[in-house]
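With mmCIF, C-alpha atoms and all ligand atoms inside, this is my_file-v1.cif:
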data_input
#
loop_
_atom_site.label_atom_id
_atom_site.label_comp_id
_atom_site.auth_asym_id
_atom_site.auth_seq_id
_atom_site.Cartn_x
_atom_site.Cartn_y
_atom_site.Cartn_z
CA MET A 112 74.01 -198.43 151.39
CA ILE A 113 77.72 -198.22 150.54
CA THR A 114 78.65 -197.66 146.91
CA VAL A 115 82.04 -197.55 145.20
CA THR A 116 81.97 -193.78 145.32
CA LYS A 117 79.71 -190.97 146.45
CA THR A 118 79.60 -187.62 144.70
CA TYR A 119 81.25 -184.91 146.77
CA LEU A 120 78.70 -182.20 147.50
CA PRO A 121 80.20 -178.86 148.54
CA ASN A 122 78.69 -176.34 150.95
CA LYS A 123 75.11 -175.72 149.76
CA GLU A 124 74.94 -172.07 150.85
CA LYS A 125 77.99 -171.27 148.78
CA TYR A 126 76.52 -172.95 145.72
CA LYS A 127 73.30 -171.00 146.27
CA GLU A 128 75.24 -167.74 146.16
CA TYR A 129 76.58 -168.70 142.76
CA ILE A 130 73.08 -169.65 141.58
CA ASP A 131 71.75 -166.27 142.75
CA ARG A 132 74.41 -164.50 140.72
CA ILE A 133 73.60 -166.58 137.64
CA TYR A 134 69.92 -165.56 138.04
CA GLU A 135 70.88 -161.89 138.42
CA SER A 136 73.09 -161.90 135.36
CA GLY A 137 70.70 -163.98 133.27
CA LYS A 138 73.71 -165.57 131.61
CA LEU A 139 73.51 -169.34 131.86
CA THR A 140 76.14 -170.41 129.34
CA ASN A 141 78.40 -169.28 126.42
CA ASN A 142 81.74 -168.76 128.12
CA GLY A 143 80.32 -166.91 131.12
CA ASP A 144 82.07 -165.59 134.20
CA ASN A 145 82.06 -168.87 136.12
CA VAL A 146 83.56 -170.82 133.24
CA LYS A 147 86.30 -168.21 132.76
CA LYS A 148 86.96 -168.06 136.48
CA LEU A 149 87.15 -171.85 136.80
CA GLU A 150 89.54 -172.13 133.84
CA ARG A 151 91.97 -169.68 135.48
CA ALA A 152 91.50 -171.27 138.93
CA LEU A 153 92.26 -174.75 137.57
CA GLU A 154 95.32 -173.53 135.67
CA SER A 155 96.61 -172.09 138.89
CA TYR A 156 95.66 -175.04 141.16
CA LEU A 157 96.98 -177.68 138.76
CA GLY A 158 99.99 -175.70 137.60
CA VAL A 159 99.22 -175.88 133.88
CA LYS A 160 98.39 -173.44 131.10
CA ASN A 161 95.68 -173.58 128.45
CA VAL A 162 92.76 -175.32 130.17
CA VAL A 163 89.67 -175.58 127.96
CA LEU A 164 86.55 -176.59 129.86
CA VAL A 165 84.00 -178.75 128.06
CA CYS A 166 80.74 -180.42 129.02
CA ASN A 167 82.21 -183.90 129.55
CA GLY A 168 85.39 -185.94 129.38
CA THR A 169 84.31 -187.97 126.36
CA LEU A 170 83.93 -184.83 124.24
CA ALA A 171 87.34 -183.68 125.49
CA LEU A 172 88.84 -186.82 123.91
CA MET A 173 86.86 -186.41 120.68
CA ILE A 174 87.97 -182.80 120.31
CA ALA A 175 91.58 -183.77 121.02
CA TYR A 176 91.51 -186.25 118.10
CA LYS A 177 90.10 -183.55 115.80
CA LEU A 178 92.62 -180.94 116.90
CA LEU A 179 95.52 -183.28 116.13
CA LYS A 180 93.89 -184.47 112.87
CA ILE A 181 93.79 -188.07 114.03
CA ASP A 182 91.32 -189.97 111.84
CA LYS A 183 92.86 -193.34 110.92
CA GLU A 184 94.59 -195.51 113.49
CA VAL A 185 95.97 -195.14 117.00
CA ILE A 186 97.63 -197.26 119.65
CA THR A 187 95.79 -197.48 122.95
CA THR A 188 95.20 -199.55 126.07
CA PRO A 189 92.42 -202.13 126.47
CA PHE A 190 92.22 -201.51 130.23
CA SER A 191 90.17 -198.35 130.70
CA PHE A 192 86.66 -197.01 130.85
CA ILE A 193 84.88 -197.73 127.55
CA ALA A 194 84.84 -194.03 126.54
CA THR A 195 88.57 -194.07 125.75
CA THR A 196 87.92 -196.46 122.87
CA SER A 197 84.29 -195.69 121.96
CA SER A 198 85.21 -192.04 121.36
CA MET A 199 87.72 -193.22 118.75
CA LEU A 200 85.24 -195.51 117.02
CA TRP A 201 82.67 -192.70 117.00
CA GLN A 202 85.09 -190.74 114.80
CA GLY A 203 86.05 -193.67 112.59
CA ILE A 204 89.46 -194.13 114.22
CA LYS A 205 90.75 -197.70 114.52
CA PRO A 206 92.08 -198.59 117.98
CA VAL A 207 95.06 -200.95 118.00
CA PHE A 208 95.38 -202.39 121.48
CA VAL A 209 98.66 -202.93 123.27
CA ASP A 210 98.54 -205.05 126.43
CA ILE A 211 99.12 -203.63 129.90
CA ASN A 212 101.71 -204.21 132.61
CA ARG A 213 100.70 -206.65 135.33
CA ASP A 214 101.87 -204.35 138.12
CA ASP A 215 100.39 -200.90 137.42
CA TYR A 216 97.76 -201.85 134.74
CA ASN A 217 99.07 -199.18 132.33
CA ILE A 218 100.03 -199.72 128.69
CA ASN A 219 103.21 -201.80 128.26
CA VAL A 220 105.51 -199.30 126.61
CA LYS A 221 107.87 -202.03 125.38
CA LYS A 222 105.14 -203.35 123.10
CA ILE A 223 104.14 -200.06 121.48
CA GLU A 224 106.69 -199.91 118.67
CA GLU A 225 105.96 -203.39 117.29
CA ASN A 226 102.33 -202.30 116.79
CA ILE A 227 103.05 -199.14 114.80
CA THR A 228 101.91 -199.38 111.17
CA ASP A 229 102.03 -196.85 108.31
CA LYS A 230 98.52 -195.77 109.34
CA THR A 231 99.35 -195.07 113.01
CA GLN A 232 98.89 -191.40 113.86
CA GLY A 233 99.01 -191.35 117.62
CA ILE A 234 99.36 -193.05 120.97
CA ILE A 235 96.46 -192.68 123.41
CA PRO A 236 97.47 -194.07 126.82
CA VAL A 237 95.48 -193.84 130.06
CA HIS A 238 97.01 -193.15 133.49
CA VAL A 239 94.73 -195.75 134.98
CA PHE A 240 93.46 -195.14 138.54
CA GLY A 241 95.86 -192.19 138.66
CA ALA A 242 99.05 -194.25 138.26
CA CYS A 243 101.24 -192.39 135.78
CA CYS A 244 102.34 -194.07 132.55
CA ASP A 245 105.98 -194.26 131.55
CA VAL A 246 105.66 -190.80 129.99
CA ASP A 247 109.34 -190.26 129.21
CA ASN A 248 109.63 -193.41 127.09
CA ILE A 249 106.26 -192.80 125.43
CA ASN A 250 107.48 -189.34 124.50
CA ASP A 251 110.68 -190.81 122.97
CA ILE A 252 108.74 -193.37 120.93
CA ALA A 253 106.31 -190.71 119.70
CA LYS A 254 109.14 -188.37 118.64
CA LYS A 255 111.07 -191.12 116.88
CA ASN A 256 108.00 -192.26 114.94
CA ASN A 257 106.43 -188.86 114.39
CA LEU A 258 103.27 -189.65 116.36
CA LYS A 259 100.94 -187.49 118.43
CA VAL A 260 100.25 -188.34 122.07
CA ILE A 261 96.97 -187.76 123.88
CA TYR A 262 96.76 -188.87 127.50
CA ASP A 263 93.37 -189.80 128.85
CA ALA A 264 94.14 -188.37 132.28
CA SER A 265 90.58 -188.71 133.58
CA HIS A 266 91.82 -190.14 136.88
CA CYS A 267 94.64 -187.64 137.41
CA PHE A 268 93.26 -184.58 139.14
CA GLY A 269 96.07 -183.02 141.18
CA ILE A 270 98.71 -185.57 140.24
CA LYS A 271 102.26 -184.41 139.77
CA TYR A 272 104.92 -186.46 138.02
CA LYS A 273 108.48 -185.53 138.98
CA ASN A 274 107.05 -182.35 140.55
CA ASN A 275 105.26 -181.25 137.39
CA SER A 276 101.58 -181.69 136.63
CA ILE A 277 101.07 -184.98 134.78
CA LEU A 278 98.57 -183.06 132.63
CA LYS A 279 101.47 -181.30 130.89
CA TYR A 280 102.54 -184.50 129.15
CA GLY A 281 101.61 -185.41 125.61
CA ASP A 282 100.40 -182.98 122.96
CA ILE A 283 97.12 -182.89 124.83
CA SER A 284 95.86 -184.37 128.08
CA THR A 285 92.15 -184.75 128.73
CA ILE A 286 90.37 -185.09 132.05
CA SER A 287 86.84 -185.90 133.18
CA PHE A 288 84.96 -183.92 135.81
CA HIS A 289 82.01 -186.31 136.01
CA SER A 290 80.31 -186.59 139.43
CA THR A 291 81.98 -189.94 140.05
CA LYS A 292 85.42 -188.33 139.79
CA ILE A 293 87.28 -186.81 142.73
CA PHE A 294 86.96 -183.24 141.42
CA HIS A 295 83.72 -182.70 139.53
CA THR A 296 81.46 -180.19 137.82
CA ILE A 297 78.35 -182.46 137.84
CA GLU A 298 79.18 -183.42 134.24
CA GLY A 299 82.27 -181.93 132.69
CA GLY A 300 85.79 -182.26 131.47
CA ALA A 301 88.75 -180.37 130.11
CA LEU A 302 91.55 -180.39 127.59
CA ILE A 303 95.01 -179.26 128.63
CA ILE A 304 96.81 -178.20 125.48
CA ASN A 305 100.53 -177.50 125.26
CA ASP A 306 100.57 -175.65 121.93
CA ASP A 307 99.15 -172.09 122.08
CA ILE A 308 97.85 -172.14 118.51
CA LEU A 309 96.04 -175.43 119.04
CA TYR A 310 94.62 -173.98 122.26
CA LYS A 311 93.08 -171.05 120.36
CA LYS A 312 91.70 -173.45 117.79
CA ALA A 313 90.15 -175.58 120.54
CA LYS A 314 88.36 -172.54 121.99
CA LYS A 315 86.64 -172.07 118.61
CA MET A 316 86.02 -175.74 117.98
CA ILE A 317 83.98 -176.19 121.18
CA ASN A 318 81.69 -173.33 120.14
CA PHE A 319 80.57 -174.30 116.60
CA GLY A 320 83.79 -172.88 115.12
CA PHE A 321 82.95 -169.25 115.96
CA ASP A 322 85.96 -167.02 116.57
CA GLU A 323 86.01 -164.17 119.10
CA TYR A 324 84.54 -161.78 116.50
CA GLY A 325 81.62 -164.08 115.80
CA SER A 326 82.70 -165.24 112.37
CA ILE A 327 82.75 -168.90 111.52
CA SER A 328 86.26 -169.99 110.74
CA GLU A 329 86.15 -173.78 110.93
CA VAL A 330 84.01 -176.83 111.55
CA GLY A 331 83.10 -176.97 115.21
CA ILE A 332 80.78 -178.66 117.63
CA ASN A 333 78.92 -177.62 120.76
CA ALA A 334 80.96 -178.83 123.73
CA LYS A 335 80.60 -175.84 126.04
CA MET A 336 80.42 -176.12 129.81
CA ASN A 337 77.56 -174.13 131.32
CA GLU A 338 77.57 -171.71 134.26
CA PHE A 339 75.88 -174.07 136.74
CA GLN A 340 78.51 -176.74 136.08
CA ALA A 341 81.35 -174.25 136.46
CA ALA A 342 79.81 -172.91 139.70
CA MET A 343 79.78 -176.44 141.11
CA GLY A 344 83.43 -176.77 140.10
CA LEU A 345 84.37 -173.50 141.83
CA CYS A 346 82.68 -174.67 145.04
CA VAL A 347 84.25 -178.13 144.95
CA LEU A 348 87.69 -176.68 144.20
CA GLU A 349 87.57 -174.62 147.41
CA GLU A 350 87.11 -177.81 149.43
CA ILE A 351 89.16 -180.24 147.38
CA ASP A 352 92.29 -180.32 149.56
CA GLU A 353 90.28 -181.37 152.58
CA ALA A 354 88.37 -183.95 150.54
CA ILE A 355 91.62 -185.47 149.26
CA GLU A 356 93.06 -185.49 152.78
CA ASN A 357 90.03 -187.44 154.03
CA ARG A 358 90.40 -189.92 151.22
CA ARG A 359 94.09 -190.29 152.01
CA LYS A 360 93.21 -191.54 155.48
CA ILE A 361 90.74 -194.07 154.13
CA TYR A 362 93.21 -195.20 151.47
CA ASN A 363 95.96 -195.72 154.04
CA TYR A 364 93.62 -197.60 156.34
CA TYR A 365 92.72 -200.05 153.57
CA MET A 366 96.39 -200.31 152.67
CA GLU A 367 97.44 -201.16 156.18
CA LYS A 368 94.78 -203.87 156.48
CA LEU A 369 95.19 -205.42 153.03
CA LYS A 370 98.87 -205.16 152.18
CA ASP A 371 99.86 -208.48 153.69
CA ILE A 372 97.08 -210.60 152.25
CA LYS A 373 98.67 -212.78 149.60
CA ALA A 374 95.48 -213.65 147.76
CA ILE A 375 94.90 -209.97 146.98
CA LYS A 376 97.24 -207.92 144.81
CA LEU A 377 97.34 -204.13 144.96
CA GLN A 378 98.23 -201.72 142.16
CA GLN A 379 101.94 -200.93 142.19
CA THR A 380 102.80 -197.26 142.10
CA ASN A 381 106.14 -195.47 142.38
CA ASN A 382 107.63 -192.38 143.97
CA TYR A 383 107.86 -190.31 140.79
CA TYR A 384 104.27 -189.21 141.37
CA ASN A 385 101.82 -188.53 144.17
CA LYS A 386 98.41 -190.12 144.64
CA ASN A 387 94.97 -188.52 144.68
CA TYR A 388 93.28 -191.50 146.39
CA SER A 389 90.46 -191.70 143.84
CA TYR A 390 90.29 -195.47 143.59
CA PHE A 391 91.21 -198.51 145.63
CA PRO A 392 91.49 -201.38 143.15
CA ILE A 393 92.29 -204.89 144.37
CA VAL A 394 93.02 -207.93 142.21
CA PHE A 395 91.93 -211.32 143.52
CA GLU A 396 93.72 -214.61 142.88
CA SER A 397 90.76 -215.80 140.86
CA SER A 398 87.53 -214.45 139.42
CA LYS A 399 85.72 -217.00 141.57
CA LEU A 400 86.94 -215.20 144.67
CA LEU A 401 85.97 -211.87 143.15
CA LYS A 402 82.43 -213.03 142.47
CA LEU A 403 82.12 -214.42 145.97
CA ALA A 404 83.32 -211.11 147.42
CA ILE A 405 80.70 -209.22 145.40
CA LYS A 406 77.96 -211.59 146.51
CA LEU A 407 78.82 -211.34 150.20
CA MET A 408 79.17 -207.56 150.04
CA GLU A 409 75.85 -207.12 148.26
CA GLU A 410 74.18 -209.10 151.03
CA GLU A 411 75.46 -206.38 153.38
CA ASP A 412 74.27 -203.57 151.08
CA ILE A 413 77.82 -202.79 149.91
CA TYR A 414 78.35 -202.23 146.19
CA PRO A 415 81.93 -202.20 144.94
CA ARG A 416 82.43 -201.94 141.16
CA ARG A 417 84.19 -204.05 138.58
CA TYR A 418 86.37 -201.27 137.16
CA PHE A 419 87.25 -202.11 134.43
CA TYR A 420 85.40 -205.10 133.09
CA PRO A 421 85.51 -206.45 130.46
CA SER A 422 88.88 -205.74 128.88
CA ILE A 423 87.84 -203.42 126.03
CA ASN A 424 89.17 -205.73 123.29
CA LYS A 425 86.50 -208.21 124.44
CA VAL A 426 83.54 -205.82 123.96
CA SER A 427 81.16 -207.26 121.35
CA TYR A 428 81.44 -204.53 118.72
CA ILE A 429 85.24 -204.23 118.87
CA ASN A 430 86.08 -207.32 116.76
CA SER A 431 89.67 -207.41 117.93
CA GLU A 432 91.56 -210.60 117.07
CA SER A 433 94.50 -209.87 119.30
CA GLU A 434 94.71 -211.46 122.71
CA MET A 435 95.42 -209.09 125.59
CA ILE A 436 96.61 -211.61 128.14
CA ASN A 437 97.27 -209.26 131.08
CA SER A 438 94.36 -206.92 130.50
CA GLU A 439 91.86 -209.77 130.14
CA ASP A 440 93.23 -211.48 133.22
CA ILE A 441 93.21 -208.34 135.40
CA ALA A 442 89.74 -207.36 134.16
CA GLU A 443 88.41 -210.76 135.29
CA LYS A 444 89.73 -210.30 138.82
CA VAL A 445 89.74 -206.60 139.64
CA LEU A 446 87.39 -204.88 142.04
CA CYS A 447 87.33 -201.24 143.12
CA LEU A 448 86.50 -200.96 146.81
CA PRO A 449 84.29 -198.14 148.12
CA ILE A 450 86.28 -194.96 148.76
CA TYR A 451 84.81 -191.51 149.40
CA GLU A 452 85.22 -188.71 151.93
CA SER A 453 82.35 -189.66 154.24
CA LEU A 454 83.04 -193.40 154.36
CA GLN A 455 83.20 -194.43 158.02
CA LYS A 456 85.83 -196.58 159.66
CA GLU A 457 83.20 -199.09 160.81
CA GLU A 458 82.05 -199.41 157.22
CA ILE A 459 85.59 -200.08 156.00
CA ASP A 460 86.02 -202.64 158.78
CA LYS A 461 82.92 -204.42 157.53
CA ILE A 462 84.39 -204.57 154.00
CA ILE A 463 87.73 -205.82 155.28
CA LYS A 464 86.03 -208.44 157.42
CA ILE A 465 84.24 -209.84 154.38
CA LEU A 466 87.49 -209.88 152.38
CA LYS A 467 89.37 -211.62 155.17
CA PHE A 468 86.60 -214.15 155.60
CA ILE A 469 86.75 -215.04 151.91
CA ILE A 470 90.52 -215.23 151.85
CA GLU A 471 90.71 -217.41 154.92
CA GLU A 472 88.25 -219.80 153.38
CA TRP A 473 89.69 -219.30 149.93
CA SER A 474 91.28 -222.71 149.42
CA ILE A 475 87.77 -224.16 149.44
CA TYR A 476 86.62 -221.85 146.67
CA LYS A 477 89.79 -221.79 144.55
C1 LIG B 501 85.18 -191.03 133.32
C2 LIG B 501 86.10 -191.40 132.21
C3 LIG B 501 85.92 -190.95 130.89
C4 LIG B 501 84.68 -190.25 130.43
O1 LIG B 501 84.43 -189.06 131.03
P1 LIG B 501 82.93 -188.46 131.03
O2 LIG B 501 83.16 -187.12 131.67
O3 LIG B 501 82.10 -189.37 131.86
O4 LIG B 501 82.49 -188.36 129.63
C5 LIG B 501 86.90 -191.25 129.95
N1 LIG B 501 87.99 -191.98 130.26
C6 LIG B 501 88.18 -192.46 131.50
C7 LIG B 501 89.43 -193.26 131.78
C8 LIG B 501 87.24 -192.22 132.51
O5 LIG B 501 87.41 -192.74 133.73
#

Please lay out the structure from this file as structure tokens.
Amino acid sequence: MITVTKTYLPNKEKYKEYIDRIYESGKLTNNGDNVKKLERALESYLGVKNVVLVCNGTLALMIAYKLLKIDKEVITTPFSFIATTSSMLWQGIKPVFVDINRDDYNINVKKIEENITDKTQGIIPVHVFGACCDVDNINDIAKKNNLKVIYDASHCFGIKYKNNSILKYGDISTISFHSTKIFHTIEGGALIINDDILYKKAKKMINFGFDEYGSISEVGINAKMNEFQAAMGLCVLEEIDEAIENRRKIYNYYMEKLKDIKAIKLQQTNNYYNKNYSYFPIVFESSKLLKLAIKLMEEEDIYPRRYFYPSINKVSYINSESEMINSEDIAEKVLCLPIYESLQKEEIDKIIKILKFIIEEWSIYK
């Protein structure tokens, strides 16, 4: 069976050594050695300061809103995983959607300002599939209008924009370390916080509001990462460069085979940033073709995923009146092809063969 992704499992013996040490120490959570070690290791690997590990990427977003006192209305993208928006609604924040670009599927920066109201407190863009947003212009708009910026950078492990970690942009960037992501801690996530005071506040907020002396100084929640999760992260981090390199080969192989097929559009990226080869999204000419591709692949035990469908403004509980022409259109036609370290060339060939078969016959199905 071939799925869209397969969780990367690091060397088992190494993980066992970490587990043994956790057993010896008896300390399973509460800012233990592995969590501290992973925070420093990630700061160094990613080239950022102030990493706060939490138990998942959704809580990272929710804590970011609290830290920046966002509680009314924000501008965001409709083309993302549902958690970007549902985390806002959970905290009573109203998402105002701005449509995406047709080429890179990120928020259309030119349309942000016309959607700012007197209630807008922030802009929450997503670097979708690891393609960086127009961060310089977003920064200018935010400054001019006195707005906070939180990037949902869940897809951006190891991505550098103009030679600087993309996670440094915005007041806060958040990232997910869920098992489906390229770097993972089973479940997990992090906030990367530019301001040192906010960083200290975040450390308390994720632990019920306790400060380092054990007194309760503010309202907090429990968002702590545990020692088993952090141990997994430490093991995966040691092998991540090789894992990314293997994905690069698969990515390039797909690219070479698919780049000239007119009925399939690929995400446009640019040279300001590198790739981490997490996803391989393709956009078909029509949703009919997409559905046919899924059907034929499933018959061969291949399971790509419709990331992201539907466009979030179309989710039943959202009640959004605005039409998101590009996001709705892309969401109807986009498919993420299987990509993971152990995917074999013969398996990719099988996927490409199905795609080519559909495309060659596509005028019949159009
Ligand atoms: C995975 C993901 C999340 C949620 O992260 P979890 O760790 O699963 O809670 C949020 N936003 C985006 C864009 C994601 O891909």

Per-residue nearest contacts chain A to ligand LIG 501 (chain B), cut-off 8 Å, using only C-alpha atoms and all ligand atoms, as a Markdown table:
| residue | atom | partner | partner_atom | distance |
| --- | --- | --- | --- | --- |
| A:Cys166 | CA | B:LIG501 | O2 | 7.6 |
| A:Asn167 | CA | B:LIG501 | O2 | 4.0 |
| A:Gly168 | CA | B:LIG501 | O2 | 3.4 |
| A:Thr169 | CA | B:LIG501 | O4 | 3.8 |
| A:Leu170 | CA | B:LIG501 | O4 | 6.6 |
| A:Ala171 | CA | B:LIG501 | O4 | 7.9 |
| A:Leu172 | CA | B:LIG501 | C5 | 7.7 |
| A:Ser191 | CA | B:LIG501 | C7 | 5.3 |
| A:Phe192 | CA | B:LIG501 | C7 | 4.8 |
| A:Ile193 | CA | B:LIG501 | N1 | 7.1 |
| A:Ala194 | CA | B:LIG501 | C5 | 4.9 |
| A:Thr195 | CA | B:LIG501 | N1 | 5.0 |
| A:Val237 | CA | B:LIG501 | C7 | 6.3 |
| A:His238 | CA | B:LIG501 | C7 | 7.8 |
| A:Val239 | CA | B:LIG501 | C7 | 6.7 |
| A:Asp263 | CA | B:LIG501 | N1 | 6.0 |
| A:Ala264 | CA | B:LIG501 | C7 | 6.8 |
| A:Ser265 | CA | B:LIG501 | C6 | 4.9 |
| A:His266 | CA | B:LIG501 | O5 | 6.0 |
| A:Ile286 | CA | B:LIG501 | O1 | 7.2 |
| A:Ser287 | CA | B:LIG501 | O2 | 4.2 |
| A:Phe288 | CA | B:LIG501 | O2 | 5.5 |
| A:His289 | CA | B:LIG501 | O2 | 4.6 |
| A:Thr291 | CA | B:LIG501 | C1 | 7.5 |
| A:Lys292 | CA | B:LIG501 | C1 | 7.0 |
| A:Glu298 | CA | B:LIG501 | O2 | 6.0 |
| A:Gly299 | CA | B:LIG501 | O2 | 5.4 |
| A:Gly300 | CA | B:LIG501 | O2 | 5.5 |

Residues just named, written with C-alpha atoms as a PDB file, in the frame of the given file:
ATOM      1  CA  CYS A 166      80.740-180.420 129.020  1.00  0.00           C
ATOM      2  CA  ASN A 167      82.210-183.900 129.550  1.00  0.00           C
ATOM      3  CA  GLY A 168      85.390-185.940 129.380  1.00  0.00           C
ATOM      4  CA  THR A 169      84.310-187.970 126.360  1.00  0.00           C
ATOM      5  CA  LEU A 170      83.930-184.830 124.240  1.00  0.00           C
ATOM      6  CA  ALA A 171      87.340-183.680 125.490  1.00  0.00           C
ATOM      7  CA  LEU A 172      88.840-186.820 123.910  1.00  0.00           C
ATOM      8  CA  SER A 191      90.170-198.350 130.700  1.00  0.00           C
ATOM      9  CA  PHE A 192      86.660-197.010 130.850  1.00  0.00           C
ATOM     10  CA  ILE A 193      84.880-197.730 127.550  1.00  0.00           C
ATOM     11  CA  ALA A 194      84.840-194.030 126.540  1.00  0.00           C
ATOM     12  CA  THR A 195      88.570-194.070 125.750  1.00  0.00           C
ATOM     13  CA  VAL A 237      95.480-193.840 130.060  1.00  0.00           C
ATOM     14  CA  HIS A 238      97.010-193.150 133.490  1.00  0.00           C
ATOM     15  CA  VAL A 239      94.730-195.750 134.980  1.00  0.00           C
ATOM     16  CA  ASP A 263      93.370-189.800 128.850  1.00  0.00           C
ATOM     17  CA  ALA A 264      94.140-188.370 132.280  1.00  0.00           C
ATOM     18  CA  SER A 265      90.580-188.710 133.580  1.00  0.00           C
ATOM     19  CA  HIS A 266      91.820-190.140 136.880  1.00  0.00           C
ATOM     20  CA  ILE A 286      90.370-185.090 132.050  1.00  0.00           C
ATOM     21  CA  SER A 287      86.840-185.900 133.180  1.00  0.00           C
ATOM     22  CA  PHE A 288      84.960-183.920 135.810  1.00  0.00           C
ATOM     23  CA  HIS A 289      82.010-186.310 136.010  1.00  0.00           C
ATOM     24  CA  THR A 291      81.980-189.940 140.050  1.00  0.00           C
ATOM     25  CA  LYS A 292      85.420-188.330 139.790  1.00  0.00           C
ATOM     26  CA  GLU A 298      79.180-183.420 134.240  1.00  0.00           C
ATOM     27  CA  GLY A 299      82.270-181.930 132.690  1.00  0.00           C
ATOM     28  CA  GLY A 300      85.790-182.260 131.470  1.00  0.00           C
TER      29      GLY A 300
END

Taking (86.4, -206.7, 127.6) in the file's own coordinates, collect the residues within 9 Å, counting only C-alpha atoms, and hand them back as a CSV table (one decimal) with C-alpha atoms, in the coordinates of the input.
chain,number,residue,atom,x,y,z
A,189,PRO,CA,92.4,-202.1,126.5
A,190,PHE,CA,92.2,-201.5,130.2
A,419,PHE,CA,87.2,-202.1,134.4
A,420,TYR,CA,85.4,-205.1,133.1
A,421,PRO,CA,85.5,-206.4,130.5
A,422,SER,CA,88.9,-205.7,128.9
A,423,ILE,CA,87.8,-203.4,126.0
A,424,ASN,CA,89.2,-205.7,123.3
A,425,LYS,CA,86.5,-208.2,124.4
A,426,VAL,CA,83.5,-205.8,124.0
A,427,SER,CA,81.2,-207.3,121.4
A,438,SER,CA,94.4,-206.9,130.5
A,439,GLU,CA,91.9,-209.8,130.1
A,442,ALA,CA,89.7,-207.4,134.2
A,443,GLU,CA,88.4,-210.8,135.3

*Kindly give the distance, in Å, that separates atom CA of Lys205 of chain A and atom CA of Asp251 of chain A, rounded to a single decimal.*
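About the pair atom CA of Lys205 of chain A and atom CA of Asp251 of chain A: they are 22.7 Å apart.
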
*Write out as a ChimeraX atom specification which residues come within 10 Å of Asn257 of chain A when counting only C-alpha atoms, dropping same-chain ones fewer than 5 positions away.*
/A:231-233,251-252

*So, counting all atoms listed in the file, which residue among A:Gln378, A:Gln202, A:Asn161, A:Asn333 is closest to Ile303 of chain A?*
A:Asn161

*Would you mind reading off the distance between atom CA of Cys244 of chain A and atom CA of Ile450 of chain A, one decimal, in Å?*
22.8 Å

*Selection near Lys148 of chain A, 9 Å with all atoms listed in the file, sequence-local residues under 5 positions removed, as a VMD selection string*: chain A and resid 143 153 341 345

*asked:* Please determine, counting only C-alpha atoms, which residue among A:Gly325, A:Gly281, A:Pro236, A:Gly269 has the shortest atom-to-atom distance to Asn250 of chain A.
replied: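 For Asn250 of chain A, the nearest of the candidates is A:Gly281.
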
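With distances restricted to only C-alpha atoms, A:Ile465 is the closest residue to Glu411 of chain A from A:Val347, A:Ile465, A:Ile361, A:Val146.
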
_I need the residue nearest Asn219 of chain A from this list: A:Val246, A:Val165, A:Met366, A:Ile375. Use only C-alpha atoms for the distance._
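Ranked by minimum distance to Asn219 of chain A, first place goes to A:Val246.
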
*Separation of atom CA of Asp245 of chain A and atom CA of Lys177 of chain A, in Å?*
24.8 Å

Step by step, gather every atom of segment 252-258 of chain A that the file lists, find the box along x, y and z that holds them, add 4 Å on each side, and finally give centre and edge lengths in Å to one decimal, as AutoDock Vina command-line options.
--center_x 107.2 --center_y -190.9 --center_z 117.7 --size_x 15.8 --size_y 13.0 --size_z 14.5

*asked:* Using only C-alpha atoms for the distances, tell me which of A:Asn381, A:Asn357, A:Asn256, A:Ser198 is nearest to Glu452 of chain A.
replied: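 Result for the nearest residue to Glu452 of chain A: A:Asn357.
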
*Pick the closest to Ala334 of chain A from A:Ile227, A:Leu164, A:Val260, A:Val394: which is it, counting all atoms listed in the file?*
A:Leu164

_Nearby residues (all atoms listed in the file) at most 6 Å from Ile218 of chain A, same-chain spacing under 4 positions excluded, as a PyMOL selection string_ = chain A and resi 188+210-211

*So which residues are close to (98.5, -183.7, 125.0), meaning at most 10 Å away in the file's coordinates with all atoms listed in the file counted, and can you show them as a PyMOL selection string?*
chain A and resi 175+179+235+259-264+278-285+302-306

_Residues near Ser453 of chain A, anyone? I mean within 9 Å using only C-alpha atoms, not counting same-chain ones fewer than 4 positions away, as a ChimeraX atom specification._
/A:117,119,357-358

_Please list as number ranges by chain every residue within 8 Å of Ile277 of chain A, counting all atoms listed in the file and excluding residues in the same chain fewer than 4 positions away._
A: 243, 267, 270-272
